[in-house]
Every structure is written in structure tokens, then in C-alpha cells.
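Trainee: Have a look at this one.
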Amino acid sequence: MASCGPTGPKSAYDCPGWFKRLWNEQLKWLDNKLPASTAEWQIVVTHFPPSWGREDWVRLAHMHGIDLLITGHRHRQEVHYMEPDTDYDGWPGLKANFLDPTAWIVTGGGGGVTSEDYPDDHGNDDQYGFVDLTLSKNEIQIEMLSHGHELRHSKTITRWVQAKPTPDPKKRTKLGDEGGGATGCANKEHTFYLYRAQSEANYPDENVNAASLAGVLWYLHHEVVIVCPRKFGITRIRRLK
């Protein structure tokens, strides 16, 4: 039977469990280190793009305010930051912007001769090349250059508001309790409003049949004011905080 020595899996059958345990240990390490960091930028470098383990990366990024993930594995240059709602190549049902506002990049095909697609002789593609990062206090300029010295992608990312640990457990938010007590941009309390069109009758303040203001106006114009008497006796719009 195959063995990886005393520090690795005991056998080929042990490999899935061994790597799962290793991954869980790394998640705990990140959950402890990210909120404790006082660095101005939160940058994580890993081999696989966050499309692998994406649920964990979404939680980590949004809980702790990760600014940038630098990844590899796919032999193609990619920059993903505040993109349109488009599908991610090769992952059915996954959107390329699933990690926004955290930026993530794939640094390209620097190792070996393998690429995702057949490369252009002059480098007019994203198959081979390198990434150049220019860091300042508030911005990171990302430039992707091909093996033909062509600038293929250029984006500027900005920082999340720094997530800082809260030493007093009584002052932690609910999300902060789950994420090590961080109270930064990623998990602070927010206020939202919903709107509901209704009659003069009173109902429990729930989000049932509630919508955005634009949605309520569409409903009034298309289903309520076009009939007389008005549908459901609607006379007012209530705002729910």
C-alpha cells in the first residue's frame, strides 16, 4: 500500500480524510489570525482558486474583510473584482463575482508547459505570463502581462474597512462572536428598510409581502391603481425598518 511517510496520510484510503483534517485546521488558523491582524491589507496566498472550497472562502472573506486572494493552479491569468454577474468558466452555476467585494486573481501559467487553452505565439491571450502588483496604503494596482509583454488586465482594488478585534465579549456582535470578535466592515450591524402597500388595517410588522420601494411602486402601477375599487383596499405605503 502507498504511504507518504510519518507526516502524511497513512495510506491512499486515508488521503481524503487527511486533507480534510488539514483544511479544517487551516480554517481555524485563519479564523484566529485574520481578526487579530493589525495590517492595513488582508492578503491571502493559496494554491487553489476560491472556486474550490468557495463556501469557506465566502465566509472568511466577508467575516474578516479579506482584501485580496492570490492563487494559482489554473494555468491562465484571471482578475476578478467587482465584475458583472457572469458565469465563471468551467463551474456551472458559479458566478465570477461570487467573492465581491474581495478581489481574487489567478497568476497564470508559469509552471510547466500546460495551459488551459492553446497559447498564441505572440502572447495575445491569458495563457502564460506574470502578475505585477503595485501596493500603496489605500490601493493595489493589479496588472496582468502575457508572455508577449502585452498588458492583458489592469484593475485597481481598494481596502475593506479594517476589521479589528473587540476585547470585550459583551460588546461583540452576533457575527463577531462567530468570527473571533471582529467588528469591521465585514460584519458590523446594518439598517435596512422594506416597504409594504396595504389598507388602513393593521398587520403584524413582518416582511411578508414586503419589497423594495421600486418593487412596491411597480406593484401599485400594475396591479392596484388600474382597478376600482383598489385591490385589497390599498391606501398607503408603510416603511418597515
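Each chain in the C-alpha cells gets a letter, A, B and so on, in the order shown; residues start at 1 in every chain, and ligands are counted from 1 in the order they appear.
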Need to verify the contact set: Pro101 of chain A, 10 Å, only C-alpha atoms, exclusion of same-chain residues closer than 3 positions in sequence. Can you return it as a VMD selection string?
Mentor: chain A and resid 61 to 62 65 to 68 80 to 83 97 to 98 104 157 to 160 186
Trainee: Neighbours of segment 199-211 of chain A within 10 Å (only C-alpha atoms; same-chain residues fewer than 4 positions away dropped), as an MDAnalysis selection string?
Mentor: chainID A and resid 193:195 215:217 219 230:241
Trainee: Leaving out segment 85-94 of chain A and any residue of its chain fewer than 4 positions from it, which residues lie within 12 Å of it when counting only C-alpha atoms, given as a ChimeraX atom specification?
Mentor: /A:49-52,54-55,74,76,78-81,98-100,116
Trainee: Please measure the separation of atom CA of Val45 of chain A and atom CA of Trp18 of chain A, giving the value in Å to one decimal.
Mentor: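 If I compute the distance from atom CA of Val45 of chain A to atom CA of Trp18 of chain A, I get 21.5 Å.
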Trainee: Which distance in Å separates atom CA of Gly17 of chain A and atom CA of Val106 of chain A, to one decimal?
Mentor: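 One can read the atom CA of Gly17 of chain A to atom CA of Val106 of chain A distance as 27.1 Å.
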Trainee: Expressed in Å to a single decimal, how great is the separation between atom CA of Ser37 of chain A and atom CA of Met63 of chain A?
Mentor: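 Those two atoms sit 13.6 Å apart.
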Trainee: I need the residues of segment 51-158 of chain A that end up classed as helix (DSSP H, G or I) by DSSP on the backbone, written out as number ranges by chain.
Mentor: A: 54-64
Trainee: Could you check which of A:Lys95, A:His149, A:Arg196, A:Lys20 is closest to Asn124 of chain A, using only C-alpha atoms?
Mentor: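 Using only C-alpha atoms, Asn124 of chain A sits closest to A:His149.
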Trainee: Leaving out Leu151 of chain A and any residue of its chain fewer than 4 positions from it, which residues lie within 12 Å of it when counting only C-alpha atoms, given as JSON, numbers by chain?
Mentor: {"A": [77, 123, 124, 125, 126, 128, 129, 130, 131, 132, 142, 143, 144, 145, 146, 147, 155]}
Trainee: From the options A:Arg21, A:Lys137, A:Arg59, A:His122, which residue's atoms come nearest to Trp41 of chain A, counting only C-alpha atoms?
Mentor: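 Nearest candidate to Trp41 of chain A out of A:Arg21, A:Lys137, A:Arg59, A:His122: A:Lys137.
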Trainee: Can you tell me which residues surround His75 of chain A at a distance of at most 7 Å, considering only C-alpha atoms, apart from same-chain residues fewer than 2 positions away, and format the answer as a VMD selection string?
Mentor: chain A and resid 73 77 108 to 109 114 to 116 127
